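Trainee: Before we start, here is the structure in question, set down as structure tokens.
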Amino acid sequence: MKVLMFGWEFPPHITGGLGTACYGMCKGLLAQGVEVVFVVPRLHGGEDASVAEMVNASDVAVDLTQPMYREYFQHLTYIEIGANLVPYAGLNQYLDLEKIKKDRSVFDAAAYTHQKFEFSGAYRANLMEEVDRYAMVAVEVALHHDFDVIHAHDWLTYRAGIAAKKATGKPLVVHVHATEFDRTGQNVNTVVYGIEREGMLAADRIITVSNYTRDIVIDRYGIAPDKVTTVYNAVEPKEEKVKMAHNLRNGRRIVTFLGRVTYQKGPEYFVEAARLVMEKDKNVEFVMAGSGDMLHSIVRRVAALGMGNRFHFTGFLRGEDVDRMYGMSSVYVMPSVSEPFGISPLEAMRSNVPVVISKQSGVAEILNHALKVDFWDVDAMADAIYALLHYPVLATMFAGMGASDAKALKWSSAAEKIKGVYRAACSIA
Amino acid sequence: MNTFSLVFKVHHPFYLRPYRFFDIDSRHDYYDDYRNKYVLKRFSERSYEKANQLLASIFERYGERVKVAFVFSGNAVDQMQWYAPEMLDGFKKLLSSPNVEILAGDDSGGVMGLLHKELWEEQVKRHRRRMEEVFGKCGKVLAGTQLLYDDKMGEAAFALGFKGILTEGAKPILGWKSPHVVYRHPEKDIKLILRDGALSESISLHFAQQPRTAETFVAKAMEGEAPLRGNSHITIYCNYAVFGEFQGEETGIFDFLEYLPAAVFKNGLEFAFPSDLCRLTEEAPALHVPFTISDMDEEKDMTAFYANELQRDVMENWKQACSVMIDCKDEELQKDFRFLTGVEHLIFMSTKYFTEKPSVRYLTPYDSPYDAYINYMNVWADFSRRLEKVR
């Protein structure tokens, strides 16, 4: 079996969990005997090509005179208005907005004939435009590769998946890692919502990363339940990290938040819980690792509470620094307001760090040895943190058993389920 | 007789290197040596050397009629000793001339005067010892960090034996009163010498936009809002680096300085040291300063460094450390404490709009006040851990 997979990012160049998940999935599928052609907007170099054939969308030439592209031309002119509402766009990127808009020239069809598109491969102001350019490229890629099924990850690639389906007639599977409701609460960007729904309706099968997300897809997007299957994510096993975990703690007790500092991740609840813990125990440090549009207001809040001495900000961490951060942590907290899955607690547990997670997360469905609280219940969150810090039995138990919880989640078994979904999709189509 | 006083500040804060969370507890080198050295070298080349030369030639031409006062921060002396001893020698030579008086300060360019009286006294005494040691002179008039002053500090300065104190002619305090009069503390026998903020800033901030000749500058001073009457003084206080650095050589700032004495004499003024002003025998009117004033921004108050949550948090941390530092005998910790409590660390965290402090603004190494706070608190966390250990 061969899959044409559309992603938006691939390790090592990632801004969120999507890239990491795609990598693990490709590896798992390969082990299941499924070949993957992975298309990303731009290859930076350094991607692991052993798990999938990598196609750089920037390298594909598109003949725009063909009538089937006309549909996407139209989108290019009117969809770009949603530019300043894109997900993952932080404050800094927002500041570039106006400049980019100014610099951009009018889309001229004649000039783009047999044109290779430059994709930035990042979440930027012209994201909507890139989503549609990507769809055009998808057709070319689909026509020049041989495959059985199309697999598109998240709304950014849905249009590409639909275009490839139209061009080849092959079945489409869309994979929902997050919905607009997770990212923005109730204030959804209707353009994004529209694309998401369009993709879900066009798909033959839908994979969601948790039942939590599956419910959203069914309730909020009006999708037939029997079309939607939950396949939980997993983590890549890496044994060597476990060893360093204890060395780095060095007598310090650090409680960590690691993720984008945005509405979705609930950073403000972490701060309030920290305040409550510090009222009882001054000797705890809190770390917020990550950046995002709420960072400045969080910094202000921390300062206003007079906790700056014990509450630190590291900025966005990647690679080794992430492992180091887990290695130094005594407790990991994920207070997400709405988390489709949440891979970071698994990574923490793999490093033997006990975790506190919000009940509004997909990962809460499968973890038994984690303390679960409602994201808004800062008292319960503080209580859980305090307990893990002060009752060593609890911490040891959770660290040990949690690690085995996490290790039980393997990409190989997730891939097996995904393969089943592929088969189902093929049998319909 | 009306007089004219020039007071120059030489100060170099210690910039912090990017100090990551991961460095806490493992590295204790907080300072950006490269930047500190670079800034000092740059200021020396563009400003101090030329200005020193110019002043020396002015002294030669006019003899002891020209008088200039300097105030050095302890940090500036530290940095010159480490990075540019030749610059320090240049200053020593200049200060050996009878044309130059030195003013006392509070050593680190910090805000101890607001936080802890004993520590502040320690720092002032230390500063006095160091000035004696390095330049062989010590001052009878105090010029605190950013000219911070209120009645309590006046009292403390009197207790330390100072005859006068230099501060800002702040509008909120003065109202209709003139900054050109020598005032005194309402209770203690200590004189207050007020800087003419508008005139000083017309050089330090606005010289490039509104160039002046020495002639027009002094003429404006003479016919200012408050006309000079007998025994009035005009006191100009600015950063020495205004000459050549904050106001580039191309603005004509050095020419301005060169012709300033001639213009002063032509208008019937004489130069005076701040200490001369304190010796005046006639009765000085009392000036009550119930809240703290400074030479910063339009407001001339503490809002440039003590306004938002970030700055308040840092200040609170300093306050708590003070009670430990007063008994701390560890030299390294004392040194770091001095370097880390410089007011610049707070100014970098300012979220105030329209802050007119180019000397600080254009030197901030941070992208935002929040970055400044995050970096500073990482350093401070390490420092306070070390402090706890010796406790």
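Residues are named by chain letter and number: chains run A, B, ... in the order of the structure tokens, numbers start at 1 in each chain, and ligands are numbered from 1 in the order shown.
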Please list as a PDB file with N, CA, C and O atoms, in the first residue's frame every residue within 8 Å of region 232-236 of chain B, counting only C-alpha atoms and excluding residues in the same chain fewer than 6 positions away.
Mentor:
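The file below, out_14.pdb, is the result:
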```pdb
ATOM      1  N   MET B   1      26.550  88.697  42.325  1.00  0.00           N
ATOM      2  CA  MET B   1      27.147  88.149  41.110  1.00  0.00           C
ATOM      3  C   MET B   1      26.407  86.876  40.686  1.00  0.00           C
ATOM      4  O   MET B   1      26.139  86.013  41.499  1.00  0.00           O
ATOM      5  N   ASN B   2      26.049  86.837  39.430  1.00  0.00           N
ATOM      6  CA  ASN B   2      25.389  85.640  38.929  1.00  0.00           C
ATOM      7  C   ASN B   2      26.437  84.628  38.448  1.00  0.00           C
ATOM      8  O   ASN B   2      27.470  85.013  37.912  1.00  0.00           O
ATOM      9  N   THR B   3      26.120  83.360  38.645  1.00  0.00           N
ATOM     10  CA  THR B   3      27.136  82.352  38.328  1.00  0.00           C
ATOM     11  C   THR B   3      26.590  81.264  37.399  1.00  0.00           C
ATOM     12  O   THR B   3      25.385  81.105  37.228  1.00  0.00           O
ATOM     13  N   PHE B   4      27.516  80.532  36.845  1.00  0.00           N
ATOM     14  CA  PHE B   4      27.220  79.475  35.880  1.00  0.00           C
ATOM     15  C   PHE B   4      28.003  78.231  36.303  1.00  0.00           C
ATOM     16  O   PHE B   4      29.205  78.305  36.532  1.00  0.00           O
ATOM     17  N   SER B   5      27.315  77.107  36.435  1.00  0.00           N
ATOM     18  CA  SER B   5      28.005  75.882  36.863  1.00  0.00           C
ATOM     19  C   SER B   5      27.799  74.764  35.846  1.00  0.00           C
ATOM     20  O   SER B   5      26.695  74.583  35.329  1.00  0.00           O
ATOM     21  N   LEU B   6      28.865  74.058  35.612  1.00  0.00           N
ATOM     22  CA  LEU B   6      28.785  72.886  34.733  1.00  0.00           C
ATOM     23  C   LEU B   6      29.069  71.645  35.556  1.00  0.00           C
ATOM     24  O   LEU B   6      30.079  71.592  36.257  1.00  0.00           O
ATOM     25  N   VAL B   7      28.183  70.668  35.490  1.00  0.00           N
ATOM     26  CA  VAL B   7      28.422  69.401  36.187  1.00  0.00           C
ATOM     27  C   VAL B   7      28.246  68.269  35.185  1.00  0.00           C
ATOM     28  O   VAL B   7      27.228  68.195  34.493  1.00  0.00           O
ATOM     29  N   PRO B 179      14.529  77.924  39.594  1.00  0.00           N
ATOM     30  CA  PRO B 179      15.578  76.953  39.887  1.00  0.00           C
ATOM     31  C   PRO B 179      16.951  77.630  40.035  1.00  0.00           C
ATOM     32  O   PRO B 179      17.940  76.971  40.328  1.00  0.00           O
ATOM     33  N   HIS B 180      16.999  78.927  39.826  1.00  0.00           N
ATOM     34  CA  HIS B 180      18.291  79.615  39.822  1.00  0.00           C
ATOM     35  C   HIS B 180      18.674  80.166  41.180  1.00  0.00           C
ATOM     36  O   HIS B 180      19.591  80.961  41.306  1.00  0.00           O
ATOM     37  N   VAL B 181      17.940  79.745  42.208  1.00  0.00           N
ATOM     38  CA  VAL B 181      18.226  80.201  43.562  1.00  0.00           C
ATOM     39  C   VAL B 181      18.752  79.015  44.358  1.00  0.00           C
ATOM     40  O   VAL B 181      18.326  77.885  44.140  1.00  0.00           O
ATOM     41  N   VAL B 182      19.688  79.274  45.268  1.00  0.00           N
ATOM     42  CA  VAL B 182      20.146  78.200  46.150  1.00  0.00           C
ATOM     43  C   VAL B 182      19.134  78.064  47.281  1.00  0.00           C
ATOM     44  O   VAL B 182      18.844  79.040  47.976  1.00  0.00           O
ATOM     45  N   ILE B 193      21.060  72.586  45.441  1.00  0.00           N
ATOM     46  CA  ILE B 193      21.408  73.247  44.199  1.00  0.00           C
ATOM     47  C   ILE B 193      20.604  72.587  43.097  1.00  0.00           C
ATOM     48  O   ILE B 193      20.673  71.368  42.914  1.00  0.00           O
ATOM     49  N   LEU B 194      19.823  73.373  42.418  1.00  0.00           N
ATOM     50  CA  LEU B 194      18.919  72.789  41.434  1.00  0.00           C
ATOM     51  C   LEU B 194      19.471  72.944  40.022  1.00  0.00           C
ATOM     52  O   LEU B 194      19.954  74.013  39.644  1.00  0.00           O
ATOM     53  N   ARG B 195      19.354  71.856  39.291  1.00  0.00           N
ATOM     54  CA  ARG B 195      19.765  71.913  37.900  1.00  0.00           C
ATOM     55  C   ARG B 195      18.671  72.617  37.111  1.00  0.00           C
ATOM     56  O   ARG B 195      17.474  72.472  37.420  1.00  0.00           O
ATOM     57  N   ASP B 196      19.063  73.356  36.088  1.00  0.00           N
ATOM     58  CA  ASP B 196      18.070  73.904  35.169  1.00  0.00           C
ATOM     59  C   ASP B 196      17.780  72.833  34.131  1.00  0.00           C
ATOM     60  O   ASP B 196      18.544  72.639  33.186  1.00  0.00           O
ATOM     61  N   GLY B 197      16.685  72.119  34.337  1.00  0.00           N
ATOM     62  CA  GLY B 197      16.384  70.966  33.484  1.00  0.00           C
ATOM     63  C   GLY B 197      16.212  71.336  32.025  1.00  0.00           C
ATOM     64  O   GLY B 197      16.757  70.686  31.131  1.00  0.00           O
ATOM     65  N   LEU B 199      17.319  73.902  30.271  1.00  0.00           N
ATOM     66  CA  LEU B 199      18.570  74.285  29.604  1.00  0.00           C
ATOM     67  C   LEU B 199      19.492  73.078  29.422  1.00  0.00           C
ATOM     68  O   LEU B 199      20.098  72.891  28.369  1.00  0.00           O
ATOM     69  N   SER B 200      19.574  72.257  30.464  1.00  0.00           N
ATOM     70  CA  SER B 200      20.443  71.074  30.368  1.00  0.00           C
ATOM     71  C   SER B 200      19.980  70.168  29.242  1.00  0.00           C
ATOM     72  O   SER B 200      20.781  69.657  28.457  1.00  0.00           O
ATOM     73  N   ALA B 221      19.636  81.608  28.428  1.00  0.00           N
ATOM     74  CA  ALA B 221      19.698  81.354  29.870  1.00  0.00           C
ATOM     75  C   ALA B 221      19.471  82.639  30.651  1.00  0.00           C
ATOM     76  O   ALA B 221      18.792  82.647  31.675  1.00  0.00           O
TER      77      ALA B 221
END
```
Trainee: For the interface of chain A with chain B (cut-off 9 Å, counting only C-alpha atoms), please tabulate each contacting residue of chain A alongside its nearest pair of atoms and their separation in Å to one decimal, rows sorted by chain and increasing number, as JSON lines.
Mentor:
```
{"residue": "A:Val287", "atom": "CA", "partner": "B:Phe21", "partner_atom": "CA", "distance": 8.5}
{"residue": "A:Leu295", "atom": "CA", "partner": "B:Tyr370", "partner_atom": "CA", "distance": 8.7}
{"residue": "A:His296", "atom": "CA", "partner": "B:Tyr370", "partner_atom": "CA", "distance": 6.4}
{"residue": "A:Val299", "atom": "CA", "partner": "B:Tyr370", "partner_atom": "CA", "distance": 6.7}
{"residue": "A:Arg300", "atom": "CA", "partner": "B:Glu309", "partner_atom": "CA", "distance": 6.0}
{"residue": "A:Arg301", "atom": "CA", "partner": "B:Glu309", "partner_atom": "CA", "distance": 7.7}
{"residue": "A:Val302", "atom": "CA", "partner": "B:Leu310", "partner_atom": "CA", "distance": 8.3}
{"residue": "A:Ala303", "atom": "CA", "partner": "B:Leu310", "partner_atom": "CA", "distance": 4.9}
{"residue": "A:Ala304", "atom": "CA", "partner": "B:Glu309", "partner_atom": "CA", "distance": 4.7}
{"residue": "A:Leu305", "atom": "CA", "partner": "B:Asp313", "partner_atom": "CA", "distance": 7.8}
{"residue": "A:Gly306", "atom": "CA", "partner": "B:Asp313", "partner_atom": "CA", "distance": 5.0}
{"residue": "A:Met307", "atom": "CA", "partner": "B:Asp313", "partner_atom": "CA", "distance": 7.6}
{"residue": "A:Gly308", "atom": "CA", "partner": "B:Met377", "partner_atom": "CA", "distance": 6.0}
{"residue": "A:Asn309", "atom": "CA", "partner": "B:Ala381", "partner_atom": "CA", "distance": 5.3}
{"residue": "A:Arg310", "atom": "CA", "partner": "B:Ala381", "partner_atom": "CA", "distance": 6.9}
{"residue": "A:Phe311", "atom": "CA", "partner": "B:Met377", "partner_atom": "CA", "distance": 8.5}
{"residue": "A:His312", "atom": "CA", "partner": "B:Asn378", "partner_atom": "CA", "distance": 6.7}
{"residue": "A:Phe313", "atom": "CA", "partner": "B:Ile374", "partner_atom": "CA", "distance": 6.2}
{"residue": "A:Thr314", "atom": "CA", "partner": "B:Phe21", "partner_atom": "CA", "distance": 5.9}
{"residue": "A:Asp321", "atom": "CA", "partner": "B:Phe22", "partner_atom": "CA", "distance": 8.8}
{"residue": "A:Arg324", "atom": "CA", "partner": "B:Phe22", "partner_atom": "CA", "distance": 8.5}
{"residue": "A:Met325", "atom": "CA", "partner": "B:Phe22", "partner_atom": "CA", "distance": 8.2}
```
Trainee: For the selection just defined, write its residues with N, CA, C and O atoms to a file, as an mmCIF file, in the first residue's frame.
Mentor:
```
data_model
loop_
_atom_site.group_PDB
_atom_site.id
_atom_site.type_symbol
_atom_site.label_atom_id
_atom_site.label_comp_id
_atom_site.auth_asym_id
_atom_site.auth_seq_id
_atom_site.Cartn_x
_atom_site.Cartn_y
_atom_site.Cartn_z
ATOM 1 N N VAL A 287 8.457 27.154 35.715
ATOM 2 C CA VAL A 287 9.045 27.523 34.439
ATOM 3 C C VAL A 287 7.969 27.505 33.368
ATOM 4 O O VAL A 287 7.193 26.546 33.277
ATOM 5 N N LEU A 295 2.329 35.921 25.986
ATOM 6 C CA LEU A 295 3.519 35.925 26.843
ATOM 7 C C LEU A 295 3.666 37.219 27.644
ATOM 8 O O LEU A 295 3.899 37.200 28.843
ATOM 9 N N HIS A 296 3.486 38.351 26.976
ATOM 10 C CA HIS A 296 3.710 39.616 27.670
ATOM 11 C C HIS A 296 2.732 39.833 28.820
ATOM 12 O O HIS A 296 3.113 40.288 29.893
ATOM 13 N N VAL A 299 3.844 37.633 31.653
ATOM 14 C CA VAL A 299 5.013 38.185 32.353
ATOM 15 C C VAL A 299 4.559 39.272 33.329
ATOM 16 O O VAL A 299 4.989 39.325 34.474
ATOM 17 N N ARG A 300 3.672 40.106 32.868
ATOM 18 C CA ARG A 300 3.155 41.174 33.731
ATOM 19 C C ARG A 300 2.445 40.615 34.953
ATOM 20 O O ARG A 300 2.606 41.117 36.056
ATOM 21 N N ARG A 301 1.642 39.594 34.726
ATOM 22 C CA ARG A 301 0.894 39.002 35.826
ATOM 23 C C ARG A 301 1.852 38.406 36.857
ATOM 24 O O ARG A 301 1.674 38.573 38.061
ATOM 25 N N VAL A 302 2.868 37.712 36.358
ATOM 26 C CA VAL A 302 3.851 37.101 37.258
ATOM 27 C C VAL A 302 4.551 38.175 38.080
ATOM 28 O O VAL A 302 4.731 38.041 39.295
ATOM 29 N N ALA A 303 4.904 39.270 37.427
ATOM 30 C CA ALA A 303 5.572 40.356 38.135
ATOM 31 C C ALA A 303 4.637 40.979 39.156
ATOM 32 O O ALA A 303 5.028 41.264 40.285
ATOM 33 N N ALA A 304 3.376 41.164 38.760
ATOM 34 C CA ALA A 304 2.417 41.794 39.663
ATOM 35 C C ALA A 304 2.213 40.947 40.914
ATOM 36 O O ALA A 304 1.993 41.472 41.997
ATOM 37 N N LEU A 305 2.316 39.642 40.758
ATOM 38 C CA LEU A 305 2.171 38.757 41.908
ATOM 39 C C LEU A 305 3.464 38.651 42.703
ATOM 40 O O LEU A 305 3.538 37.950 43.702
ATOM 41 N N GLY A 306 4.514 39.313 42.187
ATOM 42 C CA GLY A 306 5.798 39.296 42.893
ATOM 43 C C GLY A 306 6.473 37.946 42.881
ATOM 44 O O GLY A 306 7.168 37.574 43.815
ATOM 45 N N MET A 307 6.278 37.193 41.803
ATOM 46 C CA MET A 307 6.849 35.842 41.753
ATOM 47 C C MET A 307 8.043 35.727 40.813
ATOM 48 O O MET A 307 8.559 34.639 40.594
ATOM 49 N N GLY A 308 8.468 36.857 40.250
ATOM 50 C CA GLY A 308 9.501 36.820 39.221
ATOM 51 C C GLY A 308 10.765 36.078 39.620
ATOM 52 O O GLY A 308 11.448 35.495 38.789
ATOM 53 N N ASN A 309 11.040 36.090 40.885
ATOM 54 C CA ASN A 309 12.244 35.444 41.394
ATOM 55 C C ASN A 309 12.178 33.925 41.276
ATOM 56 O O ASN A 309 13.190 33.239 41.237
ATOM 57 N N ARG A 310 10.964 33.403 41.248
ATOM 58 C CA ARG A 310 10.771 31.947 41.261
ATOM 59 C C ARG A 310 10.009 31.447 40.038
ATOM 60 O O ARG A 310 9.694 30.272 39.947
ATOM 61 N N PHE A 311 9.666 32.341 39.171
ATOM 62 C CA PHE A 311 8.880 31.958 37.996
ATOM 63 C C PHE A 311 9.653 32.412 36.765
ATOM 64 O O PHE A 311 9.813 33.603 36.540
ATOM 65 N N HIS A 312 10.123 31.456 35.980
ATOM 66 C CA HIS A 312 11.038 31.823 34.897
ATOM 67 C C HIS A 312 10.453 31.548 33.519
ATOM 68 O O HIS A 312 9.601 30.682 33.353
ATOM 69 N N PHE A 313 10.961 32.293 32.564
ATOM 70 C CA PHE A 313 10.530 32.126 31.186
ATOM 71 C C PHE A 313 11.752 31.759 30.347
ATOM 72 O O PHE A 313 12.789 32.392 30.454
ATOM 73 N N THR A 314 11.610 30.737 29.542
ATOM 74 C CA THR A 314 12.784 30.306 28.771
ATOM 75 C C THR A 314 12.662 30.665 27.301
ATOM 76 O O THR A 314 13.599 30.515 26.554
ATOM 77 N N ASP A 321 17.205 21.080 24.324
ATOM 78 C CA ASP A 321 16.755 21.912 25.436
ATOM 79 C C ASP A 321 15.445 21.407 26.020
ATOM 80 O O ASP A 321 15.207 21.530 27.221
ATOM 81 N N ARG A 324 16.273 18.578 28.205
ATOM 82 C CA ARG A 324 16.930 19.108 29.382
ATOM 83 C C ARG A 324 15.897 19.670 30.359
ATOM 84 O O ARG A 324 16.000 19.485 31.565
ATOM 85 N N MET A 325 14.912 20.342 29.777
ATOM 86 C CA MET A 325 13.871 20.942 30.605
ATOM 87 C C MET A 325 13.092 19.859 31.337
ATOM 88 O O MET A 325 12.859 19.955 32.541
#
```
Trainee: Find the spatial neighbours of Val174 (chain A), counting only C-alpha atoms, within a cut-off of 8 Å - ignore same-chain residues fewer than 6 positions away - and output them as a PyMOL selection string.
Mentor: chain A and resi 151-154+158+161+199-200+203+205-207
Trainee: Using N, CA, C and O atoms, can you export the residues from the last selection as a short mmCIF file (atom, residue, chain, number, x, y, z; two decimals), in the first residue's frame?
Mentor:
```cif
data_model
loop_
_atom_site.label_atom_id
_atom_site.label_comp_id
_atom_site.auth_asym_id
_atom_site.auth_seq_id
_atom_site.Cartn_x
_atom_site.Cartn_y
_atom_site.Cartn_z
N HIS A 151 -3.76 11.15 2.28
CA HIS A 151 -3.88 11.40 3.72
C HIS A 151 -3.46 12.85 3.98
O HIS A 151 -2.32 13.22 3.72
N ALA A 152 -4.39 13.67 4.45
CA ALA A 152 -4.09 15.09 4.67
C ALA A 152 -4.19 15.44 6.15
O ALA A 152 -5.16 15.09 6.83
N HIS A 153 -3.16 16.13 6.66
CA HIS A 153 -3.10 16.49 8.08
C HIS A 153 -3.54 17.92 8.33
O HIS A 153 -2.89 18.86 7.87
N ASP A 154 -4.59 18.10 9.07
CA ASP A 154 -5.08 19.41 9.50
C ASP A 154 -5.49 20.33 8.34
O ASP A 154 -5.11 20.14 7.21
N TYR A 158 -5.99 20.39 3.82
CA TYR A 158 -7.24 19.79 3.33
C TYR A 158 -7.49 20.12 1.86
O TYR A 158 -7.88 19.27 1.07
N GLY A 161 -5.52 18.00 -0.26
CA GLY A 161 -6.07 16.65 -0.30
C GLY A 161 -7.26 16.56 -1.24
O GLY A 161 -7.38 15.62 -2.04
N GLY A 199 -13.12 20.02 4.07
CA GLY A 199 -12.24 18.85 4.05
C GLY A 199 -12.91 17.63 4.65
O GLY A 199 -12.83 16.51 4.11
N MET A 200 -13.61 17.83 5.75
CA MET A 200 -14.25 16.69 6.42
C MET A 200 -15.37 16.10 5.57
O MET A 200 -15.57 14.88 5.54
N ALA A 203 -13.90 14.17 2.62
CA ALA A 203 -13.11 12.99 2.97
C ALA A 203 -13.96 11.73 2.97
O ALA A 203 -15.17 11.75 3.25
N ARG A 205 -12.88 9.13 4.84
CA ARG A 205 -12.75 8.73 6.24
C ARG A 205 -12.07 9.86 7.01
O ARG A 205 -11.25 10.60 6.44
N ILE A 206 -12.38 9.96 8.29
CA ILE A 206 -11.74 10.99 9.12
C ILE A 206 -11.08 10.31 10.31
O ILE A 206 -11.69 9.43 10.94
N ILE A 207 -9.85 10.71 10.58
CA ILE A 207 -9.18 10.22 11.78
C ILE A 207 -9.09 11.38 12.76
O ILE A 207 -8.66 12.48 12.40
#
```
Trainee: List the spatial neighbours of region 87-102 of chain B as a PyMOL selection string - criterion: any atom at most 7 Å away, only C-alpha atoms, same-chain residues fewer than 5 positions off excluded.
Mentor: chain B and resi 44+52+56+59+64+66-71+80-81+135+137-139+273
Trainee: Quick check, in Å to one decimal: how far apart do CA of Asn189 (chain A) and CA of Phe375 (chain A) lie?
Mentor: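 CA of Phe375 (chain A) lies 23.3 Å from CA of Asn189 (chain A).
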Trainee: Give the strand (DSSP E or B) residues of region 82-183 of chain B, as DSSP finds them on the backbone, and put them as a list in words.
Mentor: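 Checking each residue of region 82-183 of chain B, the strand (DSSP E or B) ones are Val100, Glu101, Ile102, Ala104, Gly110, Val141, Leu142, Ala143, Tyr149, Gly164, Ile165, Leu166, Thr167, Glu168 and Tyr183 of chain B.
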Trainee: Can those selected residues be exported to a file as an mmCIF file, in the first residue's frame so that it contains N, CA and C atoms?
Mentor:
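Writing done, so here's part11.cif:
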```cif
data_model
loop_
_atom_site.group_PDB
_atom_site.id
_atom_site.type_symbol
_atom_site.label_atom_id
_atom_site.label_comp_id
_atom_site.auth_asym_id
_atom_site.auth_seq_id
_atom_site.Cartn_x
_atom_site.Cartn_y
_atom_site.Cartn_z
ATOM 1 N N VAL B 100 38.853 71.713 38.336
ATOM 2 C CA VAL B 100 37.856 70.655 38.420
ATOM 3 C C VAL B 100 37.562 70.288 39.863
ATOM 4 N N GLU B 101 36.271 70.201 40.156
ATOM 5 C CA GLU B 101 35.832 69.728 41.463
ATOM 6 C C GLU B 101 35.151 68.374 41.267
ATOM 7 N N ILE B 102 35.205 67.560 42.287
ATOM 8 C CA ILE B 102 34.512 66.276 42.177
ATOM 9 C C ILE B 102 33.320 66.275 43.135
ATOM 10 N N ALA B 104 30.288 63.995 45.200
ATOM 11 C CA ALA B 104 30.073 62.661 45.758
ATOM 12 C C ALA B 104 28.870 62.010 45.073
ATOM 13 N N GLY B 110 22.741 53.132 41.754
ATOM 14 C CA GLY B 110 21.564 52.371 42.166
ATOM 15 C C GLY B 110 20.527 53.256 42.826
ATOM 16 N N VAL B 141 29.645 68.031 48.026
ATOM 17 C CA VAL B 141 28.285 68.121 47.501
ATOM 18 C C VAL B 141 27.917 66.768 46.891
ATOM 19 N N LEU B 142 26.713 66.341 47.155
ATOM 20 C CA LEU B 142 26.284 65.022 46.702
ATOM 21 C C LEU B 142 25.392 65.142 45.464
ATOM 22 N N ALA B 143 25.680 64.294 44.470
ATOM 23 C CA ALA B 143 24.790 64.200 43.312
ATOM 24 C C ALA B 143 24.408 62.735 43.174
ATOM 25 N N TYR B 149 16.091 62.681 44.779
ATOM 26 C CA TYR B 149 16.118 63.448 46.028
ATOM 27 C C TYR B 149 14.730 63.566 46.638
ATOM 28 N N GLY B 164 25.967 70.273 50.667
ATOM 29 C CA GLY B 164 24.936 70.565 49.681
ATOM 30 C C GLY B 164 24.589 69.326 48.890
ATOM 31 N N ILE B 165 23.513 69.437 48.154
ATOM 32 C CA ILE B 165 23.076 68.299 47.350
ATOM 33 C C ILE B 165 22.563 68.843 46.022
ATOM 34 N N LEU B 166 22.928 68.152 44.955
ATOM 35 C CA LEU B 166 22.495 68.586 43.635
ATOM 36 C C LEU B 166 21.258 67.778 43.236
ATOM 37 N N THR B 167 20.207 68.472 42.851
ATOM 38 C CA THR B 167 19.032 67.742 42.379
ATOM 39 C C THR B 167 18.359 68.518 41.258
ATOM 40 N N GLU B 168 17.212 67.974 40.840
ATOM 41 C CA GLU B 168 16.544 68.543 39.687
ATOM 42 C C GLU B 168 15.684 69.742 40.084
ATOM 43 N N TYR B 183 18.594 76.849 47.426
ATOM 44 C CA TYR B 183 17.618 76.613 48.483
ATOM 45 C C TYR B 183 18.292 75.835 49.612
#
```
Trainee: I'd like to know which residues of region 183-363 of chain B are helix (DSSP H, G or I) (by DSSP, run on the backbone); could you write them as number ranges by chain?
Mentor: B: 197-204, 214-222, 240-242, 249-251, 253-266, 274-279, 309-325, 331-340, 343-347, 358-361
Trainee: Which residues come within 9 Å of region 252-254 of chain A, counting only C-alpha atoms, excluding same-chain residues fewer than 3 positions away, as a list of chain:residue names?
Mentor: A:Leu248, A:Arg249, A:Asn283, A:Val284, A:Glu285, A:Phe286, A:Val287, A:Met328, A:Ser329, A:Ser330, A:Val331, A:Tyr332, A:Leu389
Trainee: Find the residues around region 408-411 of chain A up to 8 Å (only C-alpha atoms counted), leave out those fewer than 3 positions away in its own chain, and share them as a VMD selection string.
Mentor: chain A and resid 24 to 25 27 to 28 233 to 236 404 to 405 414 to 415
Trainee: With a distance cut-off of 7 Å and only C-alpha atoms, select the neighbouring residues of Asn239 (chain B), excluding the residue or stretch itself and same-chain residues fewer than 5 positions from it, and output the selection as number ranges by chain.
Mentor: B: 8-10
Trainee: For CA of Lys300 (chain B) and CA of Pro172 (chain B), quote the distance in Å rounded to one decimal.
Mentor: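 Calculated distance between CA of Lys300 (chain B) and CA of Pro172 (chain B) is 8.1 Å.
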